[in-house]
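Text of start.cif (mmCIF, C-alpha atoms) as supplied:
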```cif
data_coords
#
loop_
_atom_site.group_PDB
_atom_site.id
_atom_site.type_symbol
_atom_site.label_atom_id
_atom_site.label_comp_id
_atom_site.auth_asym_id
_atom_site.auth_seq_id
_atom_site.Cartn_x
_atom_site.Cartn_y
_atom_site.Cartn_z
ATOM 1 C CA MET A 327 56.728 -1.758 -36.993
ATOM 2 C CA PHE A 328 54.464 -4.742 -37.666
ATOM 3 C CA PRO A 329 56.281 -8.043 -38.212
ATOM 4 C CA GLN A 330 55.980 -8.848 -41.896
ATOM 5 C CA SER A 331 54.532 -12.253 -41.045
ATOM 6 C CA LEU A 332 51.450 -10.534 -39.618
ATOM 7 C CA TRP A 333 50.744 -8.209 -42.529
ATOM 8 C CA PRO A 334 48.456 -10.555 -44.530
ATOM 9 C CA THR A 335 46.186 -11.212 -41.545
ATOM 10 C CA MET A 336 45.753 -7.696 -40.221
ATOM 11 C CA ALA A 337 44.023 -4.591 -41.466
ATOM 12 C CA THR A 338 45.842 -1.356 -40.682
ATOM 13 C CA LEU A 339 43.211 1.249 -39.936
ATOM 14 C CA VAL A 340 43.753 4.972 -40.333
ATOM 15 C CA LEU A 341 41.191 6.798 -38.208
ATOM 16 C CA SER A 342 40.294 10.469 -38.565
ATOM 17 C CA ILE A 343 39.305 12.490 -35.502
ATOM 18 C CA LEU A 344 36.556 14.902 -36.476
ATOM 19 C CA VAL A 345 36.970 18.291 -34.884
ATOM 20 C CA GLY A 346 34.550 21.172 -35.297
ATOM 21 C CA ALA A 347 34.223 24.704 -34.068
ATOM 22 C CA GLU A 348 32.324 25.508 -30.908
ATOM 23 C CA GLY A 349 28.835 26.939 -31.113
ATOM 24 C CA TYR A 350 26.193 26.511 -33.762
ATOM 25 C CA ALA A 351 26.705 27.080 -37.438
ATOM 26 C CA ALA A 352 23.851 28.191 -39.607
ATOM 27 C CA SER A 353 21.373 26.278 -41.701
ATOM 28 C CA VAL A 354 19.140 27.641 -44.399
ATOM 29 C CA GLY A 355 15.615 26.652 -45.266
ATOM 30 C CA TRP A 356 12.608 27.877 -47.109
ATOM 31 C CA GLY A 357 9.372 28.021 -45.144
ATOM 32 C CA SER A 358 7.510 25.121 -43.565
ATOM 33 C CA PRO A 359 6.999 21.506 -44.674
ATOM 34 C CA PRO A 360 3.859 20.707 -46.696
ATOM 35 C CA ALA A 361 0.828 20.982 -44.421
ATOM 36 C CA ALA A 362 -0.325 17.369 -44.811
ATOM 37 C CA ALA A 363 3.109 15.956 -44.180
ATOM 38 C CA LYS A 364 3.729 18.249 -41.247
ATOM 39 C CA SER A 365 0.619 17.165 -39.397
ATOM 40 C CA ALA A 366 1.498 13.529 -39.948
ATOM 41 C CA THR A 367 5.156 13.644 -38.980
ATOM 42 C CA THR A 368 5.728 16.465 -36.520
ATOM 43 C CA PRO A 369 5.588 15.221 -32.903
ATOM 44 C CA SER A 370 4.276 17.484 -30.203
ATOM 45 C CA ASN A 371 6.952 19.203 -28.165
ATOM 46 C CA LEU A 372 9.819 16.940 -29.247
ATOM 47 C CA GLN A 373 12.973 18.466 -27.824
ATOM 48 C CA LEU A 374 16.537 17.276 -27.835
ATOM 49 C CA LYS A 375 18.181 16.546 -24.510
ATOM 50 C CA ARG A 376 20.720 19.358 -24.372
ATOM 51 C CA MET A 377 20.606 22.546 -22.337
ATOM 52 C CA ASP A 378 22.209 24.800 -24.947
ATOM 53 C CA ARG A 379 20.244 23.503 -27.931
ATOM 54 C CA ALA A 380 18.974 26.180 -30.273
ATOM 55 C CA THR A 381 16.299 24.095 -32.005
ATOM 56 C CA THR A 382 13.690 21.424 -31.498
ATOM 57 C CA SER A 383 12.998 18.660 -33.977
ATOM 58 C CA SER A 384 10.409 19.780 -36.503
ATOM 59 C CA LEU A 385 10.316 16.449 -38.340
ATOM 60 C CA GLN A 386 10.107 12.926 -36.958
ATOM 61 C CA ILE A 387 10.830 10.086 -39.355
ATOM 62 C CA MET A 388 9.349 6.806 -38.103
ATOM 63 C CA LEU A 389 10.272 3.543 -39.789
ATOM 64 C CA ASP A 390 7.915 0.560 -39.927
ATOM 65 C CA PRO A 391 8.286 -2.291 -37.420
ATOM 66 C CA VAL A 392 11.077 -4.728 -38.204
ATOM 67 C CA THR A 393 10.053 -7.637 -40.433
ATOM 68 C CA VAL A 394 10.797 -11.338 -39.976
ATOM 69 C CA THR A 395 13.077 -11.160 -43.003
ATOM 70 C CA GLU A 396 15.086 -8.350 -41.431
ATOM 71 C CA LYS A 397 15.401 -10.247 -38.152
ATOM 72 C CA SER A 398 16.756 -13.252 -40.052
ATOM 73 C CA MET A 399 19.715 -11.111 -41.102
ATOM 74 C CA LEU A 400 21.082 -11.459 -37.563
ATOM 75 C CA VAL A 401 21.630 -15.208 -37.843
ATOM 76 C CA PRO A 402 25.165 -15.854 -36.528
ATOM 77 C CA SER A 403 27.844 -15.820 -39.208
ATOM 78 C CA GLY A 404 30.308 -18.608 -39.770
ATOM 79 C CA LYS A 405 33.702 -18.968 -38.160
ATOM 80 C CA ASP A 406 36.178 -16.143 -38.741
ATOM 81 C CA GLN A 407 33.381 -13.680 -39.443
ATOM 82 C CA PRO A 408 32.567 -10.573 -37.373
ATOM 83 C CA LEU A 409 29.487 -10.779 -35.204
ATOM 84 C CA LYS A 410 26.568 -9.026 -36.869
ATOM 85 C CA ILE A 411 24.621 -6.939 -34.343
ATOM 86 C CA GLY A 412 22.468 -4.803 -36.624
ATOM 87 C CA PHE A 413 21.176 -4.350 -40.141
ATOM 88 C CA ALA A 414 20.661 -1.444 -42.506
ATOM 89 C CA ARG A 415 17.147 -0.122 -43.158
ATOM 90 C CA GLU A 416 16.047 2.411 -45.724
ATOM 91 C CA VAL A 417 13.974 5.328 -44.496
ATOM 92 C CA PRO A 418 10.484 5.411 -46.039
ATOM 93 C CA GLN A 419 9.430 7.617 -48.894
ATOM 94 C CA PRO A 420 9.145 10.558 -49.208
ATOM 95 C CA TYR A 421 12.051 10.985 -46.778
ATOM 96 C CA GLN A 422 14.525 9.388 -49.202
ATOM 97 C CA ASP A 423 14.818 12.749 -50.933
ATOM 98 C CA ASP A 424 15.992 16.173 -49.772
ATOM 99 C CA LEU A 425 14.698 16.955 -46.270
ATOM 100 C CA SER A 426 15.672 20.627 -46.163
ATOM 101 C CA SER A 427 12.261 22.012 -47.138
ATOM 102 C CA TRP A 428 10.517 19.782 -44.588
ATOM 103 C CA LEU A 429 12.338 21.347 -41.677
ATOM 104 C CA SER A 430 11.621 24.400 -39.552
ATOM 105 C CA TRP A 431 14.660 26.639 -39.412
ATOM 106 C CA LYS A 432 15.736 28.901 -36.559
ATOM 107 C CA SER A 433 17.878 32.006 -37.055
ATOM 108 C CA LEU A 434 20.581 32.631 -34.472
ATOM 109 C CA SER A 435 21.892 35.974 -33.303
ATOM 110 C CA ASP A 436 24.790 35.893 -35.777
ATOM 111 C CA GLY A 437 22.398 35.459 -38.710
ATOM 112 C CA THR A 438 22.936 31.742 -39.121
ATOM 113 C CA GLN A 439 20.161 29.143 -39.049
ATOM 114 C CA VAL A 440 19.793 25.629 -37.638
ATOM 115 C CA ALA A 441 17.240 22.844 -38.032
ATOM 116 C CA ALA A 442 16.751 19.432 -36.441
ATOM 117 C CA PHE A 443 14.943 16.171 -37.126
ATOM 118 C CA SER A 444 14.695 12.730 -35.535
ATOM 119 C CA VAL A 445 14.738 9.172 -36.898
ATOM 120 C CA SER A 446 13.207 6.198 -35.065
ATOM 121 C CA SER A 447 13.321 2.455 -35.717
ATOM 122 C CA PRO A 448 10.819 0.607 -33.482
ATOM 123 C CA ASP A 449 12.342 -1.678 -30.825
ATOM 124 C CA ALA A 450 15.933 -0.897 -31.771
ATOM 125 C CA GLN A 451 18.324 -1.217 -28.851
ATOM 126 C CA ALA A 452 20.550 1.348 -30.555
ATOM 127 C CA ILE A 453 20.675 3.177 -33.865
ATOM 128 C CA ARG A 454 23.135 4.756 -36.305
ATOM 129 C CA VAL A 455 22.016 7.364 -38.839
ATOM 130 C CA GLY A 456 23.521 7.454 -42.323
ATOM 131 C CA ILE A 457 23.795 11.076 -43.507
ATOM 132 C CA ASP A 458 24.694 11.714 -47.147
ATOM 133 C CA VAL A 459 27.209 14.577 -47.160
ATOM 134 C CA ALA A 460 27.668 14.710 -50.949
ATOM 135 C CA ASP A 461 25.530 17.835 -51.417
ATOM 136 C CA LEU A 462 26.270 19.663 -48.167
ATOM 137 C CA PRO A 463 28.780 22.541 -48.088
ATOM 138 C CA GLU A 464 32.093 21.870 -46.364
ATOM 139 C CA ALA A 465 31.327 24.280 -43.523
ATOM 140 C CA ALA A 466 28.112 22.443 -42.601
ATOM 141 C CA GLU A 467 28.069 21.076 -39.070
ATOM 142 C CA ILE A 468 26.301 17.946 -37.872
ATOM 143 C CA ARG A 469 25.350 17.150 -34.284
ATOM 144 C CA ILE A 470 23.818 13.874 -33.128
ATOM 145 C CA PHE A 471 21.734 13.509 -29.963
ATOM 146 C CA GLY A 472 20.259 10.599 -28.033
ATOM 147 C CA SER A 473 16.909 10.631 -26.272
ATOM 148 C CA LYS A 474 17.508 7.604 -24.020
ATOM 149 C CA ASN A 475 20.464 8.875 -22.020
ATOM 150 C CA SER A 476 21.012 12.452 -23.198
ATOM 151 C CA GLU A 477 24.059 11.621 -25.305
ATOM 152 C CA SER A 478 25.393 14.286 -27.653
ATOM 153 C CA PHE A 479 28.112 14.055 -30.307
ATOM 154 C CA GLY A 480 29.712 16.682 -32.501
ATOM 155 C CA PRO A 481 29.965 19.047 -34.109
ATOM 156 C CA PHE A 482 31.259 17.099 -37.089
ATOM 157 C CA THR A 483 32.024 19.323 -40.056
ATOM 158 C CA VAL A 484 31.461 18.079 -43.572
ATOM 159 C CA LYS A 485 34.991 19.242 -44.375
ATOM 160 C CA SER A 486 36.475 16.968 -41.713
ATOM 161 C CA ILE A 487 34.288 14.055 -42.798
ATOM 162 C CA ARG A 488 35.502 14.415 -46.376
ATOM 163 C CA ALA A 489 39.097 14.631 -45.126
ATOM 164 C CA GLN A 490 38.963 11.040 -43.907
ATOM 165 C CA PRO A 491 41.347 8.743 -45.770
ATOM 166 C CA THR A 492 39.958 6.664 -48.611
ATOM 167 C CA GLY A 493 40.903 3.255 -49.810
ATOM 168 C CA GLY A 494 39.900 0.395 -52.033
ATOM 169 C CA GLY A 495 37.655 -2.544 -51.310
ATOM 170 C CA THR A 496 34.348 -4.018 -52.324
ATOM 171 C CA ASN A 497 32.400 -1.526 -50.214
ATOM 172 C CA SER A 498 34.331 1.538 -51.358
ATOM 173 C CA THR A 499 31.672 2.818 -53.728
ATOM 174 C CA GLU A 500 31.131 6.524 -54.196
ATOM 175 C CA SER A 501 27.780 6.355 -52.356
ATOM 176 C CA ALA A 502 29.333 4.515 -49.405
ATOM 177 C CA ALA A 503 32.181 7.015 -49.185
ATOM 178 C CA THR A 504 29.799 9.993 -48.933
ATOM 179 C CA LEU A 505 27.602 8.364 -46.271
ATOM 180 C CA PHE A 506 28.560 9.513 -42.781
ATOM 181 C CA TRP A 507 27.488 6.966 -40.173
ATOM 182 C CA SER A 508 26.718 8.661 -36.879
ATOM 183 C CA PRO A 509 28.076 7.379 -33.575
ATOM 184 C CA VAL A 510 25.978 4.644 -31.995
ATOM 185 C CA ILE A 511 22.971 6.189 -30.231
ATOM 186 C CA GLU A 512 21.344 4.128 -27.488
ATOM 187 C CA GLY A 513 17.603 3.513 -27.870
ATOM 188 C CA GLU A 514 15.349 3.518 -30.913
ATOM 189 C CA THR A 515 15.552 7.261 -31.674
ATOM 190 C CA ALA A 516 18.431 9.423 -32.858
ATOM 191 C CA GLU A 517 18.080 13.167 -33.335
ATOM 192 C CA VAL A 518 20.131 15.158 -35.808
ATOM 193 C CA GLU A 519 20.862 18.874 -36.001
ATOM 194 C CA ILE A 520 22.215 20.428 -39.200
ATOM 195 C CA GLY A 521 23.943 23.805 -39.261
ATOM 196 C CA LEU A 522 25.119 25.781 -42.293
ATOM 197 C CA PRO A 523 26.927 29.107 -42.723
ATOM 198 C CA ALA A 524 24.738 32.182 -43.058
ATOM 199 C CA SER A 525 26.131 32.742 -46.549
ATOM 200 C CA VAL A 526 24.583 29.506 -47.839
ATOM 201 C CA GLU A 527 21.089 30.094 -49.179
ATOM 202 C CA SER A 528 20.687 27.423 -51.856
ATOM 203 C CA GLY A 529 22.453 24.663 -53.728
ATOM 204 C CA PHE A 530 22.494 22.060 -50.965
ATOM 205 C CA SER A 531 20.394 19.094 -49.909
ATOM 206 C CA ILE A 532 20.026 17.030 -46.741
ATOM 207 C CA ARG A 533 19.543 13.317 -47.304
ATOM 208 C CA VAL A 534 19.346 10.487 -44.772
ATOM 209 C CA PRO A 535 18.761 7.410 -46.950
ATOM 210 C CA LYS A 536 19.572 4.704 -44.381
ATOM 211 C CA ILE A 537 19.834 3.884 -40.720
ATOM 212 C CA GLN A 538 21.373 0.955 -38.875
ATOM 213 C CA HIS A 539 18.999 -0.882 -36.529
ATOM 214 C CA LEU A 540 21.043 -2.475 -33.726
ATOM 215 C CA ALA A 541 19.592 -5.435 -31.854
ATOM 216 C CA TYR A 542 22.137 -5.115 -29.031
ATOM 217 C CA SER A 543 22.827 -2.318 -26.595
ATOM 218 C CA LEU A 544 26.521 -1.520 -26.222
ATOM 219 C CA GLN A 545 26.109 0.440 -22.997
ATOM 220 C CA TYR A 546 23.293 -1.557 -21.387
ATOM 221 C CA PRO A 547 23.874 -5.262 -22.143
ATOM 222 C CA ASN A 548 21.086 -7.495 -20.901
ATOM 223 C CA GLU A 549 21.554 -10.101 -18.179
ATOM 224 C CA LYS A 550 21.871 -12.968 -20.650
ATOM 225 C CA ARG A 551 24.748 -11.309 -22.473
ATOM 226 C CA LEU A 552 26.495 -10.507 -19.191
ATOM 227 C CA SER A 553 26.048 -14.115 -18.006
ATOM 228 C CA GLU A 554 27.878 -15.329 -21.121
ATOM 229 C CA ILE A 555 31.068 -13.556 -20.059
ATOM 230 C CA GLY A 556 33.620 -16.235 -19.239
ATOM 231 C CA GLU A 557 32.203 -18.842 -21.622
ATOM 232 C CA SER A 558 34.837 -18.222 -24.285
ATOM 233 C CA GLY A 559 37.451 -20.801 -25.196
ATOM 234 C CA SER A 560 40.411 -21.718 -23.014
ATOM 235 C CA CYS A 561 42.682 -19.699 -25.292
ATOM 236 C CA ASN A 562 40.920 -16.486 -24.182
ATOM 237 C CA ILE A 563 42.519 -15.406 -20.917
ATOM 238 C CA ASP A 564 40.793 -13.072 -18.459
ATOM 239 C CA ILE A 565 43.071 -10.035 -18.153
ATOM 240 C CA LYS A 566 42.018 -9.636 -14.516
ATOM 241 C CA CYS A 567 43.500 -13.051 -13.736
ATOM 242 C CA ARG A 568 46.969 -12.296 -15.109
ATOM 243 C CA ASP A 569 49.767 -9.899 -14.310
ATOM 244 C CA THR A 570 50.803 -8.009 -17.431
ATOM 245 C CA VAL A 571 53.702 -5.833 -18.471
ATOM 246 C CA PRO A 572 52.849 -3.021 -18.762
ATOM 247 C CA SER A 573 50.224 -3.262 -16.042
ATOM 248 C CA ASP A 574 47.699 -1.217 -18.013
ATOM 249 C CA LEU A 575 47.945 -3.423 -21.108
ATOM 250 C CA SER A 576 44.180 -4.018 -21.195
ATOM 251 C CA ALA A 577 43.593 -0.289 -21.669
ATOM 252 C CA ALA A 578 44.851 -0.679 -25.249
ATOM 253 C CA VAL A 579 41.976 -2.980 -26.250
ATOM 254 C CA ALA A 580 38.709 -1.630 -27.659
ATOM 255 C CA LYS A 581 35.423 -3.132 -28.712
ATOM 256 C CA ILE A 582 34.873 -1.704 -32.197
ATOM 257 C CA ILE A 583 31.525 -1.196 -33.914
ATOM 258 C CA PHE A 584 31.531 -0.657 -37.673
ATOM 259 C CA SER A 585 29.000 -0.544 -40.496
ATOM 260 C CA ASP A 586 28.758 -1.109 -44.216
ATOM 261 C CA ASN A 587 25.779 -0.674 -46.549
ATOM 262 C CA GLN A 588 24.179 -3.889 -45.317
ATOM 263 C CA ALA A 589 24.824 -4.284 -41.593
ATOM 264 C CA THR A 590 26.640 -3.328 -38.383
ATOM 265 C CA TYR A 591 29.228 -5.577 -36.769
ATOM 266 C CA VAL A 592 31.314 -5.881 -33.613
ATOM 267 C CA CYS A 593 34.944 -6.971 -33.243
ATOM 268 C CA THR A 594 37.902 -5.938 -31.122
ATOM 269 C CA GLY A 595 41.008 -3.930 -31.911
ATOM 270 C CA THR A 596 44.265 -3.138 -30.135
ATOM 271 C CA LEU A 597 46.370 0.004 -30.027
ATOM 272 C CA LEU A 598 49.988 -0.541 -31.019
ATOM 273 C CA ASN A 599 52.738 2.073 -31.339
ATOM 274 C CA ASP A 600 55.197 1.800 -34.171
ATOM 275 C CA ASN A 601 58.879 1.232 -33.403
ATOM 276 C CA ASP A 602 60.107 4.562 -34.725
ATOM 277 C CA SER A 603 60.955 6.834 -31.793
ATOM 278 C CA SER A 604 60.563 9.909 -34.002
ATOM 279 C CA SER A 605 56.928 9.235 -34.823
ATOM 280 C CA TRP A 606 55.234 6.805 -32.405
ATOM 281 C CA ILE A 607 52.159 6.445 -34.601
ATOM 282 C CA PRO A 608 49.327 4.890 -32.529
ATOM 283 C CA TYR A 609 47.991 2.245 -34.908
ATOM 284 C CA LEU A 610 44.782 0.365 -34.206
ATOM 285 C CA ILE A 611 45.043 -3.201 -35.498
ATOM 286 C CA THR A 612 42.284 -5.734 -35.941
ATOM 287 C CA ALA A 613 41.763 -8.986 -37.801
ATOM 288 C CA ASN A 614 41.431 -8.818 -41.571
ATOM 289 C CA HIS A 615 38.298 -10.978 -41.333
ATOM 290 C CA CYS A 616 36.672 -8.220 -39.256
ATOM 291 C CA LEU A 617 37.167 -5.491 -41.851
ATOM 292 C CA SER A 618 39.565 -5.046 -44.707
ATOM 293 C CA ASN A 619 39.012 -1.668 -46.377
ATOM 294 C CA GLN A 620 39.278 1.982 -45.425
ATOM 295 C CA THR A 621 35.678 2.974 -46.203
ATOM 296 C CA VAL A 622 34.362 0.618 -43.529
ATOM 297 C CA ALA A 623 37.232 1.502 -41.175
ATOM 298 C CA ASN A 624 36.053 5.125 -41.293
ATOM 299 C CA THR A 625 32.788 4.054 -39.616
ATOM 300 C CA ILE A 626 34.419 2.639 -36.467
ATOM 301 C CA ASP A 627 32.902 3.589 -33.118
ATOM 302 C CA SER A 628 35.114 2.461 -30.204
ATOM 303 C CA TYR A 629 34.224 1.263 -26.703
ATOM 304 C CA TRP A 630 36.978 1.008 -24.119
ATOM 305 C CA PHE A 631 37.549 -0.587 -20.665
ATOM 306 C CA PHE A 632 35.054 -3.457 -20.948
ATOM 307 C CA GLU A 633 36.407 -5.969 -18.425
ATOM 308 C CA ARG A 634 35.634 -7.689 -15.160
ATOM 309 C CA ALA A 635 36.076 -5.788 -11.907
ATOM 310 C CA ILE A 636 38.081 -8.655 -10.362
ATOM 311 C CA CYS A 637 39.333 -12.099 -11.451
ATOM 312 C CA GLY A 638 36.348 -14.456 -11.536
ATOM 313 C CA GLY A 639 33.975 -11.611 -10.663
#
```

What's the structure tokens form of this structure?
Amino acid sequence: MFPQSLWPTMATLVLSILVGAEGYAASVGWGSPPAAAKSATTPSNLQLKRMDRATTSSLQIMLDPVTVTEKSMLVPSGKDQPLKIGFAREVPQPYQDDLSSWLSWKSLSDGTQVAAFSVSSPDAQAIRVGIDVADLPEAAEIRIFGSKNSESFGPFTVKSIRAQPTGGGTNSTESAATLFWSPVIEGETAEVEIGLPASVESGFSIRVPKIQHLAYSLQYPNEKRLSEIGESGSCNIDIKCRDTVPSDLSAAVAKIIFSDNQATYVCTGTLLNDNDSSSWIPYLITANHCLSNQTVANTIDSYWFFERAICGG
């Protein structure tokens, strides 16, 4: 149990693990995109980096270069504020609306169909895609792919996304709750595959109104960022320079990335079991000034085992 004295300063986060069925579900579409739009937006031979992929991206959405105003959004926040590492960007028109008719659909052997598209934000070190699941059927599956290092995530089913816990807070609007933020994809391009059951022929839409443009790479930090390790205050102790009980205590700490409708942030969180031997719920706790509502907590992407190799190394 958490000591009551800590309750006001901590946010208790309930995280859903999204589990989907193996294989590809089906998507449905009607013909090809408009001819003019297709010639302007369809890259030649764009293929996702996965051996068992059933589709290639038939639509590439390219955002404009980042503006000076957008860059100014990354000015460091004040004390007791999470570090902002990215900002939200709206995709250009006409891609704000339903994308389903713009896509080329492939039928699979079981009668289902799949389609894929990509989204790019120039010079982004990493990207998150915001997919509106409000008008997708529960059985729809979403897969996310990276082009920089062949990452792949999913399938995430719309049913499992909607099953995530909800909660109050200033960012808990209906639109925010239906926006599924993809895992962080390294590089400036993320590729998305949508699959729907064969029985679905109409009554759905695919919308990707926003992306998050990250100015920092989580997997490939530059030399300057690495050189700053060890410059924190004297109250921050290098785990490699201390003996801990248990010895693997540092394995409980994660770097957490989370997003709201305006930006993406980084903080840390720690796993902590409860004190009830019949349940042993693995809570993840973090500071209330990092995030304080469930809608934002649902967007967490966790990075583990970021530490020095040796003390002073």

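For the choices A:Asp406, A:Arg533, A:Gln490, A:Ala452, the atom-to-atom distance to Gln419 (chain A) is smallest for A:Arg533 when using all atoms listed in the file.
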
If the PyMOL selection byres ((chain A and resi 441) around 8) is run on the structure shown, which residues does it catch, given as a ChimeraX atom specification?
/A:353,381-384,429-432,439-440,442-443,519-521

Select all residues near (9.7, 0.6, -39.8) (cut-off 10 Å, inclusive, file coordinates), counting all atoms listed in the file, and output them as a PyMOL selection string.
chain A and resi 387-393+415-418+446-449+539

Applying the PyMOL selection byres ((chain A and resi 478) around 10) to the file I just gave you, which residues come out? Please list them as a PDB file with C-alpha atoms, in the frame of the given file.
```
ATOM      1  CA  LEU A 374      16.537  17.276 -27.835  1.00  0.00           C
ATOM      2  CA  LYS A 375      18.181  16.546 -24.510  1.00  0.00           C
ATOM      3  CA  ARG A 376      20.720  19.358 -24.372  1.00  0.00           C
ATOM      4  CA  ARG A 469      25.350  17.150 -34.284  1.00  0.00           C
ATOM      5  CA  ILE A 470      23.818  13.874 -33.128  1.00  0.00           C
ATOM      6  CA  PHE A 471      21.734  13.509 -29.963  1.00  0.00           C
ATOM      7  CA  GLY A 472      20.259  10.599 -28.033  1.00  0.00           C
ATOM      8  CA  SER A 473      16.909  10.631 -26.272  1.00  0.00           C
ATOM      9  CA  ASN A 475      20.464   8.875 -22.020  1.00  0.00           C
ATOM     10  CA  SER A 476      21.012  12.452 -23.198  1.00  0.00           C
ATOM     11  CA  GLU A 477      24.059  11.621 -25.305  1.00  0.00           C
ATOM     12  CA  PHE A 479      28.112  14.055 -30.307  1.00  0.00           C
ATOM     13  CA  GLY A 480      29.712  16.682 -32.501  1.00  0.00           C
ATOM     14  CA  PRO A 481      29.965  19.047 -34.109  1.00  0.00           C
ATOM     15  CA  PRO A 509      28.076   7.379 -33.575  1.00  0.00           C
ATOM     16  CA  ILE A 511      22.971   6.189 -30.231  1.00  0.00           C
ATOM     17  CA  ALA A 516      18.431   9.423 -32.858  1.00  0.00           C
ATOM     18  CA  GLU A 517      18.080  13.167 -33.335  1.00  0.00           C
ATOM     19  CA  VAL A 518      20.131  15.158 -35.808  1.00  0.00           C
TER      20      VAL A 518
END
```

Ground truth for the PyMOL selection byres ((chain A and resi 458) around 7), written as a PyMOL selection string
chain A and resi 456-457+459-460+504-506+533-534
